[in-house]
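Each remark here refers to the structure printed beneath this line.
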Amino acid sequence: MSDVRSLLAARLDPAWGRAEPSGLLADWPERLAALSAASAEVASITADYVSAIAAAGDAAALQSVRNAALSRESGAFTEALALVPSLSVDEKRVWGKALNLGRKAVEDADKARRAQLEAAREADHALDVTLPGREPWTGRPHVLAQVRDDLLDLFHGLGFSVYTSPEVELDEYNFGKLNFAADHPARDAHDTYFVEGASDVVLRTHTSPGWVRAMEERKPPLRLVFPGRVYRAEAVDASHMDQFHQIDGLFVDRDVSMADLKATLNTFARAIYRADLPTRIIPIYFPFVEPGVQMDVQCVRCDGRGHVPGEEGARRCPVCKGTQWVEVLGAGMVHPNVFRAVGIDPEEYTGFAFGMGLERIAMGRYGIPEIRLFLENDLRFLGQF
Ligand SMILES: [Zn+2]
């Protein structure tokens with residue numbers, strides 16, 4: 001009998017926790033009473049196992065208590081019950097009953113604790129409606145597309161509609177009909193990409209060939225904008241790329257004047273930058289307009305001061321290079337030679353035109369320091385707009 005007792009107790013581990021078994025087995029008091037009536041010693045040791053099962057914090061802890069009590073090779077109850085047949089008839093009756101009650105209590109406690117742990121694990125993974133949702137990633141238009149669309153909206157409001165023309169263009173449309181002299185430096189291979197094997201086909205260097213095509217196709221009055229990608233054989237640096245984007249505009253009708261041009265450009269500048277931003281128009285030469293002008297806006301980066309605060313006092317503004325002004329576009333009255341090239345009588349019609357670079361406008365508007373960022377497709381950059 002002492003063998004049975006010591007076998008039962010030998011597997012108890014003092015490191016196990018203890019918890020009240022009633023939370024696990026609702027009829028624990030009755031079971032304990034029946035066990036005690038059969039054998040006070042078995043009742044006490046069974047209570048130790050069941051308390052340890054009630055305290056098991058996870059499946060692994062529970063499994064180790066279960067193994068100690070019930071495993072088929074070395075479980076305390078398994079080995080103790082194996083000794084019963086060698087006992088005397090009276091002992092068999094007492095110990096057999098007590099051990100079977102004890103084993104049943106441990107089995108039921110183990111099953112109940114397993115169910116509790118499983119329920120807790122599921123509750124941890126259950127839907128928590130108080131958690132904030134995960135926003136799906138949806139993407140957005142590229143910053144240049146946003147600026148282009150803003151500009152098209154603006155010009156649409158002024159009565160302009162969109163005209164698109166080819167990126168691979170005839171030399172005649174890119175230069176000749178726009179009044180470029182045959183020896184104009186822009187027609188040189190250093191500045192312009194020519195298509196291999198076709199000396200009269202180029203990648204357009206500006207969106208202005210669209211005017212020629214539109215004027216050949218349609219009769220005035222014309223009020224059109226020409227958005228698109230253009231190419232120049234530039235060395236790439238922080239402010240130059242060999243491809244970029246422009247929007248040209250063309251307005252042809254009777255009695256169109258320089259005043260109409262200035263009003264249109266000022267409306268543009270107020271809408272794109274801000275209503276009170278100073279602008280200026282200064283004369284400049286382009287072959288396809290006469291007179292030609294350049295519109296500048298006051299530098300947004302330095303507020304027209306020409307310098308910005310630096311680590312060691314004020315330094316020259318990196319955007320306007322200290323000039324206080326930033327060029328935003330070129331414009332002018334359409335040259336009579338351009339009208340003649342497309343068969344419009346310059347005595348009957350006049351018109352103005354303008355052209356601007358989307359990258360330059362986006363850089364001024366958002367303070368973007370590098371033109372290369374637009375084509376690098378880095379989401380850390382693109383995600384900011
Ligand atoms: Zn500046």
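Following the order of the structure tokens, chains are lettered A, B, ..., residues in each are numbered from 1, and ligands are numbered from 1.
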
Item to complete: Pick out the residues sitting within 6 Å of segment 95-106 of chain A, and hand them over as a PyMOL selection string; count only C-alpha atoms, and ignore anything fewer than 3 positions along from it in its own chain.
Response: chain A and resi 35+38-39+46+50+91-92+109

Mind dumping the selected residues with N, CA, C and O atoms as an mmCIF file, in the first residue's frame?
```cif
data_model
loop_
_atom_site.group_PDB
_atom_site.id
_atom_site.type_symbol
_atom_site.label_atom_id
_atom_site.label_comp_id
_atom_site.auth_asym_id
_atom_site.auth_seq_id
_atom_site.Cartn_x
_atom_site.Cartn_y
_atom_site.Cartn_z
ATOM 1 N N LEU A 35 -14.369 10.630 -2.699
ATOM 2 C CA LEU A 35 -12.969 10.183 -2.678
ATOM 3 C C LEU A 35 -12.463 10.009 -1.242
ATOM 4 O O LEU A 35 -11.832 9.011 -0.905
ATOM 5 N N ALA A 38 -13.592 7.009 0.404
ATOM 6 C CA ALA A 38 -12.887 5.808 -0.054
ATOM 7 C C ALA A 38 -11.470 5.758 0.492
ATOM 8 O O ALA A 38 -11.041 4.743 1.020
ATOM 9 N N SER A 39 -10.716 6.889 0.338
ATOM 10 C CA SER A 39 -9.351 6.944 0.849
ATOM 11 C C SER A 39 -8.907 8.388 1.005
ATOM 12 O O SER A 39 -8.831 9.125 0.010
ATOM 13 N N THR A 46 -5.163 13.415 -5.256
ATOM 14 C CA THR A 46 -5.990 13.783 -6.419
ATOM 15 C C THR A 46 -6.264 15.285 -6.419
ATOM 16 O O THR A 46 -6.189 15.948 -7.458
ATOM 17 N N VAL A 50 -5.635 17.957 -9.431
ATOM 18 C CA VAL A 50 -6.731 18.739 -10.010
ATOM 19 C C VAL A 50 -6.487 20.239 -9.815
ATOM 20 O O VAL A 50 -6.747 21.050 -10.711
ATOM 21 N N GLU A 91 -7.891 -4.749 0.341
ATOM 22 C CA GLU A 91 -7.160 -3.571 -0.171
ATOM 23 C C GLU A 91 -7.564 -3.249 -1.610
ATOM 24 O O GLU A 91 -7.710 -2.098 -2.000
ATOM 25 N N LYS A 92 -7.705 -4.334 -2.413
ATOM 26 C CA LYS A 92 -8.128 -4.142 -3.799
ATOM 27 C C LYS A 92 -9.406 -3.326 -3.859
ATOM 28 O O LYS A 92 -9.538 -2.391 -4.648
ATOM 29 N N ALA A 109 -11.151 16.916 -15.110
ATOM 30 C CA ALA A 109 -10.576 18.251 -14.894
ATOM 31 C C ALA A 109 -9.731 18.655 -16.105
ATOM 32 O O ALA A 109 -9.790 19.791 -16.586
#
```

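Those residues that approach segment 296-309 of chain A to within 6 Å, counting only C-alpha atoms, are Pro278, Thr279, Arg280, Gly313, Ala314, Arg315, Arg316, Cys317, Gly322, Thr323, Gln324, Trp325, Val326, Glu327 and Val328 of chain A; same-chain residues fewer than 4 positions away are not listed.
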
Just-selected residues, N, CA, C and O atoms written as a PDB file, in the first residue's frame:
```
ATOM      1  N   PRO A 278       2.845  88.798 -57.074  1.00  0.00           N
ATOM      2  CA  PRO A 278       3.260  89.705 -58.153  1.00  0.00           C
ATOM      3  C   PRO A 278       3.775  88.941 -59.379  1.00  0.00           C
ATOM      4  O   PRO A 278       4.449  87.918 -59.241  1.00  0.00           O
ATOM      5  N   THR A 279       3.427  89.444 -60.562  1.00  0.00           N
ATOM      6  CA  THR A 279       3.910  88.852 -61.816  1.00  0.00           C
ATOM      7  C   THR A 279       4.531  89.963 -62.650  1.00  0.00           C
ATOM      8  O   THR A 279       4.278  91.151 -62.411  1.00  0.00           O
ATOM      9  N   ARG A 280       5.344  89.594 -63.635  1.00  0.00           N
ATOM     10  CA  ARG A 280       5.851  90.602 -64.567  1.00  0.00           C
ATOM     11  C   ARG A 280       6.010  89.958 -65.937  1.00  0.00           C
ATOM     12  O   ARG A 280       6.195  88.742 -66.059  1.00  0.00           O
ATOM     13  N   GLY A 313      23.367  82.204 -41.136  1.00  0.00           N
ATOM     14  CA  GLY A 313      22.795  83.443 -41.647  1.00  0.00           C
ATOM     15  C   GLY A 313      22.137  83.233 -43.001  1.00  0.00           C
ATOM     16  O   GLY A 313      22.049  82.119 -43.487  1.00  0.00           O
ATOM     17  N   ALA A 314      21.683  84.344 -43.613  1.00  0.00           N
ATOM     18  CA  ALA A 314      20.952  84.245 -44.871  1.00  0.00           C
ATOM     19  C   ALA A 314      21.864  83.752 -45.992  1.00  0.00           C
ATOM     20  O   ALA A 314      23.049  84.065 -46.018  1.00  0.00           O
ATOM     21  N   ARG A 315      21.281  82.910 -46.900  1.00  0.00           N
ATOM     22  CA  ARG A 315      22.045  82.491 -48.075  1.00  0.00           C
ATOM     23  C   ARG A 315      21.194  82.756 -49.306  1.00  0.00           C
ATOM     24  O   ARG A 315      19.979  82.942 -49.207  1.00  0.00           O
ATOM     25  N   ARG A 316      21.851  82.734 -50.464  1.00  0.00           N
ATOM     26  CA  ARG A 316      21.152  83.029 -51.699  1.00  0.00           C
ATOM     27  C   ARG A 316      20.044  82.017 -51.934  1.00  0.00           C
ATOM     28  O   ARG A 316      20.244  80.817 -51.723  1.00  0.00           O
ATOM     29  N   CYS A 317      18.872  82.497 -52.371  1.00  0.00           N
ATOM     30  CA  CYS A 317      17.741  81.583 -52.606  1.00  0.00           C
ATOM     31  C   CYS A 317      18.102  80.588 -53.701  1.00  0.00           C
ATOM     32  O   CYS A 317      18.498  80.975 -54.799  1.00  0.00           O
ATOM     33  N   GLY A 322      18.655  84.163 -56.346  1.00  0.00           N
ATOM     34  CA  GLY A 322      18.835  85.535 -55.875  1.00  0.00           C
ATOM     35  C   GLY A 322      18.176  86.595 -56.745  1.00  0.00           C
ATOM     36  O   GLY A 322      18.219  87.776 -56.424  1.00  0.00           O
ATOM     37  N   THR A 323      17.529  86.176 -57.853  1.00  0.00           N
ATOM     38  CA  THR A 323      16.942  87.177 -58.768  1.00  0.00           C
ATOM     39  C   THR A 323      15.554  87.641 -58.319  1.00  0.00           C
ATOM     40  O   THR A 323      14.994  88.568 -58.901  1.00  0.00           O
ATOM     41  N   GLN A 324      14.955  86.986 -57.337  1.00  0.00           N
ATOM     42  CA  GLN A 324      13.632  87.308 -56.780  1.00  0.00           C
ATOM     43  C   GLN A 324      12.467  86.902 -57.680  1.00  0.00           C
ATOM     44  O   GLN A 324      11.309  86.988 -57.288  1.00  0.00           O
ATOM     45  N   TRP A 325      12.755  86.504 -58.915  1.00  0.00           N
ATOM     46  CA  TRP A 325      11.698  86.140 -59.860  1.00  0.00           C
ATOM     47  C   TRP A 325      11.956  84.756 -60.415  1.00  0.00           C
ATOM     48  O   TRP A 325      13.105  84.331 -60.535  1.00  0.00           O
ATOM     49  N   VAL A 326      10.870  84.062 -60.779  1.00  0.00           N
ATOM     50  CA  VAL A 326      10.989  82.742 -61.397  1.00  0.00           C
ATOM     51  C   VAL A 326      10.199  82.762 -62.701  1.00  0.00           C
ATOM     52  O   VAL A 326       9.026  83.159 -62.732  1.00  0.00           O
ATOM     53  N   GLU A 327      10.868  82.323 -63.780  1.00  0.00           N
ATOM     54  CA  GLU A 327      10.206  82.280 -65.081  1.00  0.00           C
ATOM     55  C   GLU A 327       9.196  81.145 -65.085  1.00  0.00           C
ATOM     56  O   GLU A 327       9.525  80.030 -64.686  1.00  0.00           O
ATOM     57  N   VAL A 328       7.950  81.415 -65.480  1.00  0.00           N
ATOM     58  CA  VAL A 328       6.988  80.310 -65.546  1.00  0.00           C
ATOM     59  C   VAL A 328       6.563  79.962 -66.957  1.00  0.00           C
ATOM     60  O   VAL A 328       6.186  78.831 -67.213  1.00  0.00           O
TER      61      VAL A 328
END
```

Practice prompt. Calculate how many Å separate atom CA of Ala112 of chain A from atom CA of Glu79 of chain A, rounding to one decimal.
Written response: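 Taking atom CA of Ala112 of chain A as the start and atom CA of Glu79 of chain A as the end point, the length is 23.7 Å.
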
Practice prompt. Please provide as a PyMOL selection string all residues within 9 Å of segment 59-70 of chain A, with the sequence filter that same-chain residues fewer than 5 positions apart are discarded (counting only C-alpha atoms).
Written response: chain A and resi 8+11-13+16+49-50+52-54+75-79+103+106-107+110+113-114+117-118

Worksheet item: In Å, with one decimal, what is the gap from atom CA of Glu135 of chain A to atom CA of Asn377 of chain A?
Response: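 Taking atom CA of Glu135 of chain A as the start and atom CA of Asn377 of chain A as the end point, the length is 22.0 Å.
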